[in-house]
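Structure first, then comments.
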Amino acid sequence: MSTATPVPVRSPLPGTLSGTTALLIGGSSGIGLAAGVLLRSVGARVVLVGRDPDRLKAAVSRVRAVSPLRAVSPLRAVSPLRAVSPLRDVSGLRDVPEPRDISELRDESGLRDESGLRGAGPAEDPDDAVLGVTGDGGDEQTLAEAFDRAGHVDHVYVTAGGVSGAGPLTGLSADDIRTTLGSGSLQTAFTVARAAAARLPAGGSLTFSSGILVVRPYPGMTVPLSAAGAVETLTKALAVELAPTRVRVNTVRYGRIDTPLLRLLPGLDSDDAVAAAGTSTPLGRFGTAEEAAATAVFLMANNYVTGQVITVDGGETLA
């Protein structure tokens, strides 16, 4: 029987992430950026890692513009809410909703902070509350810089990594296969896992990303889907390995989410095209980046979930 201290008990609501630090690998656009906005809205410190300096700079500015609810009464704690106002996505590809100041939403809902803690303590430096680190999230030096600049990291979320190595297996060379399996999302996952395992505290978490094609494959995707499936297997194995240190590991398996990456696909470069394509899904549309990111935030907040692959796909794998 283990004599190690159990994983800490805390509220599983997102508000408990206030004051923690989250490192987001691939946080300059799409789901990673949406996670940064949600986390900042509940008072978390956010460190974004991305390869494109200009896009990263825009993402940092956007997250810094979020006004966090610094503290709330435990009985009144609420999840981040979202109201729509037009804002150009940092990629320049589309209009996306900007989360409004959560305090305005609480006032409109009739909820009031009865704790008297809002704004308590010294004002937080926005430059320290949201940091940006330029580089490849799968590079050890970039990760070391991100951890060092953060000073302390409680949660790591990985959304970086595109698709490579697509094509019929017989048309790929051995080098093509080795390159795909030795780089991209799988390599990034292992590199991040090694860094996180050495630095995350008890109660910390590591969350990866995957996709529903792992369970609904189609021809020409054998190699990249093998890499994605390996990330899901890594999740379960690493959750067991890191459990004694009370660090949790999970993966979110995404369906089609309306992000700049999705809109790079042929025929999906406009709002009308995305809306039309989304009608074929069980819920009649594709998911938003915020809906996708909210699951990662849940996994950071809930200290009793580990080794799980949670699907967020609007029911696509059921159709």
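Naming works like this for the structure tokens: A, B, ... for the chains as they're shown, residue 1 at the start of each chain, ligands 1 onward in shown order.
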
So that each row is one residue of segment 206-302 of chain A with an atom at most 12 Å from segment 17-24 of chain A, can you give its shortest atom pair and the distance in Å to one decimal, using only C-alpha atoms, rows by chain and rising number, as a tab-separated table?
```
residue	atom	partner	partner_atom	distance
A:Leu206	CA	A:Leu23	CA	9.5
A:Thr207	CA	A:Leu24	CA	9.7
A:Phe208	CA	A:Leu24	CA	10.4
A:Ser209	CA	A:Leu24	CA	11.6
A:Ala293	CA	A:Leu24	CA	11.0
A:Ala296	CA	A:Leu24	CA	10.6
A:Val297	CA	A:Leu17	CA	8.7
A:Phe298	CA	A:Leu17	CA	9.8
A:Leu299	CA	A:Leu17	CA	10.9
A:Met300	CA	A:Leu17	CA	7.7
A:Ala301	CA	A:Leu17	CA	6.3
A:Asn302	CA	A:Leu17	CA	9.9
```

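Nearest to Ala289 of chain A of all the residues A:Leu131, A:Ser29, A:Asp148, A:Pro6 is A:Ser29, counting only C-alpha atoms.
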
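Going from atom CA of Gly32 of chain A to atom CA of Arg253 of chain A covers 14.0 Å.
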
Compile the contact shell of segment 261-277 of chain A as a PDB file with N, CA and C atoms, in the first residue's frame: residues with an atom at most 8 Å away, counting only C-alpha atoms, same-chain residues fewer than 2 positions apart removed.
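File out15.pdb, as written:
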```pdb
ATOM      1  N   GLY A  30      -6.167  29.206 -32.754  1.00  0.00           N
ATOM      2  CA  GLY A  30      -7.081  28.082 -32.643  1.00  0.00           C
ATOM      3  C   GLY A  30      -7.441  27.697 -31.223  1.00  0.00           C
ATOM      4  N   LEU A  93      -8.041  35.005 -40.783  1.00  0.00           N
ATOM      5  CA  LEU A  93      -8.867  34.157 -41.626  1.00  0.00           C
ATOM      6  C   LEU A  93     -10.357  34.328 -41.396  1.00  0.00           C
ATOM      7  N   ARG A  94     -10.775  34.789 -40.218  1.00  0.00           N
ATOM      8  CA  ARG A  94     -12.203  34.796 -39.967  1.00  0.00           C
ATOM      9  C   ARG A  94     -12.531  35.693 -38.788  1.00  0.00           C
ATOM     10  N   ARG A 256     -14.237  17.841 -35.728  1.00  0.00           N
ATOM     11  CA  ARG A 256     -13.968  19.017 -36.565  1.00  0.00           C
ATOM     12  C   ARG A 256     -14.335  20.286 -35.805  1.00  0.00           C
ATOM     13  N   ILE A 257     -13.312  21.075 -35.530  1.00  0.00           N
ATOM     14  CA  ILE A 257     -13.450  22.318 -34.766  1.00  0.00           C
ATOM     15  C   ILE A 257     -13.116  23.486 -35.687  1.00  0.00           C
ATOM     16  N   ASP A 258     -13.941  24.516 -35.647  1.00  0.00           N
ATOM     17  CA  ASP A 258     -13.766  25.665 -36.526  1.00  0.00           C
ATOM     18  C   ASP A 258     -12.589  26.514 -36.057  1.00  0.00           C
ATOM     19  N   THR A 259     -11.435  26.252 -36.646  1.00  0.00           N
ATOM     20  CA  THR A 259     -10.192  26.959 -36.326  1.00  0.00           C
ATOM     21  C   THR A 259      -9.529  27.370 -37.636  1.00  0.00           C
ATOM     22  N   THR A 279     -23.509  21.211 -41.392  1.00  0.00           N
ATOM     23  CA  THR A 279     -24.880  20.678 -41.330  1.00  0.00           C
ATOM     24  C   THR A 279     -24.913  19.156 -41.415  1.00  0.00           C
ATOM     25  N   SER A 280     -23.815  18.562 -41.872  1.00  0.00           N
ATOM     26  CA  SER A 280     -23.776  17.099 -41.984  1.00  0.00           C
ATOM     27  C   SER A 280     -23.481  16.416 -40.656  1.00  0.00           C
ATOM     28  N   ARG A 285     -23.507  21.614 -36.810  1.00  0.00           N
ATOM     29  CA  ARG A 285     -22.412  22.571 -37.018  1.00  0.00           C
ATOM     30  C   ARG A 285     -21.126  21.994 -36.466  1.00  0.00           C
ATOM     31  N   PHE A 286     -20.016  22.631 -36.827  1.00  0.00           N
ATOM     32  CA  PHE A 286     -18.733  22.272 -36.244  1.00  0.00           C
ATOM     33  C   PHE A 286     -18.593  22.942 -34.874  1.00  0.00           C
TER      34      PHE A 286
END
```

Notebook entry, point to check: Between A:Ala237, A:Arg64, A:Val49, A:Tyr218, which is the closest to Asp125 of chain A once you count only C-alpha atoms?
Noted result: A:Arg64

Check: Leaving out Val192 of chain A and any residue of its chain fewer than 5 positions from it, which residues lie within 9 Å of it when counting only C-alpha atoms, given as a ChimeraX atom specification?
Finding: /A:25,137-140,143,156,158,187,197,206

Residues as selected, C-alpha atoms, written as a PDB file, in the first residue's frame, can you do that?
```pdb
ATOM      1  CA  ILE A  25       2.172  24.557 -26.440  1.00  0.00           C
ATOM      2  CA  GLY A 137       7.014  23.330 -28.859  1.00  0.00           C
ATOM      3  CA  GLY A 138       8.787  20.079 -29.644  1.00  0.00           C
ATOM      4  CA  ASP A 139      12.223  21.610 -29.135  1.00  0.00           C
ATOM      5  CA  GLU A 140      13.883  20.996 -25.768  1.00  0.00           C
ATOM      6  CA  LEU A 143      10.528  24.224 -23.619  1.00  0.00           C
ATOM      7  CA  VAL A 156       0.694  21.961 -19.571  1.00  0.00           C
ATOM      8  CA  VAL A 158      -0.314  20.586 -25.996  1.00  0.00           C
ATOM      9  CA  GLN A 187       7.797  13.706 -31.065  1.00  0.00           C
ATOM     10  CA  ALA A 197       7.480  15.090 -15.719  1.00  0.00           C
ATOM     11  CA  LEU A 206      -0.428  17.382 -18.678  1.00  0.00           C
TER      12      LEU A 206
END
```

Margin query: Could you pull out the helix (DSSP H, G or I) residues of segment 101-286 of chain A, going by DSSP on the backbone, and write them as a ChimeraX atom specification?
Written below: /A:102-109,126-129,140-150,169-171,174-181,184-199,212-214,222-245,262-264,271-278

Quick one: everything within 10 Å of Arg149 of chain A, counting only C-alpha atoms, minus sequence neighbours fewer than 5 positions away in the same chain. Send it as a JSON list (two decimals) with N, CA, C and O atoms, in the first residue's frame.
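The file below, around_1.json, is the result:
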```
[["chain", "number", "residue", "atom", "x", "y", "z"],
["A", 47, "VAL", "N", 1.20, 31.08, -20.26],
["A", 47, "VAL", "CA", 2.42, 31.16, -21.06],
["A", 47, "VAL", "C", 2.14, 30.49, -22.40],
["A", 47, "VAL", "O", 1.83, 29.30, -22.46],
["A", 128, "ASP", "N", 3.53, 40.07, -16.85],
["A", 128, "ASP", "CA", 3.95, 38.82, -16.21],
["A", 128, "ASP", "C", 2.83, 37.79, -16.23],
["A", 128, "ASP", "O", 3.08, 36.59, -16.24],
["A", 131, "LEU", "N", 2.67, 35.53, -20.86],
["A", 131, "LEU", "CA", 3.99, 35.53, -21.49],
["A", 131, "LEU", "C", 3.94, 34.81, -22.83],
["A", 131, "LEU", "O", 3.10, 33.92, -23.03],
["A", 132, "GLY", "N", 4.84, 35.17, -23.72],
["A", 132, "GLY", "CA", 4.95, 34.49, -25.00],
["A", 132, "GLY", "C", 6.37, 34.02, -25.23],
["A", 132, "GLY", "O", 7.32, 34.77, -24.98],
["A", 133, "VAL", "N", 6.52, 32.79, -25.69],
["A", 133, "VAL", "CA", 7.84, 32.22, -25.99],
["A", 133, "VAL", "C", 7.82, 31.73, -27.43],
["A", 133, "VAL", "O", 7.02, 30.84, -27.78],
["A", 143, "LEU", "N", 11.27, 24.61, -24.82],
["A", 143, "LEU", "CA", 10.53, 24.22, -23.62],
["A", 143, "LEU", "C", 11.26, 24.66, -22.35],
["A", 143, "LEU", "O", 10.63, 25.15, -21.41],
["A", 144, "ALA", "N", 12.57, 24.51, -22.33],
["A", 144, "ALA", "CA", 13.34, 24.94, -21.17],
["A", 144, "ALA", "C", 13.18, 26.43, -20.94],
["A", 144, "ALA", "O", 13.01, 26.89, -19.80]]
```

Check: Counting only C-alpha atoms, which of A:Pro260, A:Gly284, A:Pro217, A:Pro53 gets nearest to Ile31 of chain A?
Finding: A:Pro260

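The interatomic distance for the pair atom CA of Arg216 of chain A and atom CA of Thr180 of chain A works out to 19.8 Å.
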
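Of note, atom CA of Leu213 of chain A and atom CA of Thr188 of chain A are spaced 19.1 Å apart.
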
Item checked: Residue neighbourhood Gly211 of chain A, 9 Å, only C-alpha atoms, exclusion window fewer than 4 positions, as a PyMOL selection string -> chain A and resi 215+225+228-229+252-256+311+313

Notebook entry, point to check: If we count only C-alpha atoms, what is near Pro8 of chain A at a cut-off of 12 Å, once residues fewer than 2 positions away on the same chain are taken out, given as a PyMOL selection string?
Noted result: chain A and resi 4-6+10-12+201-204+245-248+301-304

Checklist line | Per-residue DSSP, segment 121-181 of chain A, filtered to strand (DSSP E), as a ChimeraX atom specification | finding: /A:130-134,155-158

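Between Ser28 of chain A and the candidates A:Arg55, A:Arg45, A:Arg62, A:Arg40, the tightest atom-to-atom separation, counting only C-alpha atoms, involves A:Arg55.
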
Check: In terms of the shortest atom-to-atom distance over only C-alpha atoms, which of A:Ala294, A:Ala34, A:Ala58, A:Leu318 is closest to Pro14 of chain A?
Finding: A:Ala294

Check: From the set A:Ala160, A:Val153, A:Val9, A:Val223, which residue has the shortest atom-to-atom contact distance to Thr179 of chain A, counting only C-alpha atoms?
Finding: A:Val223
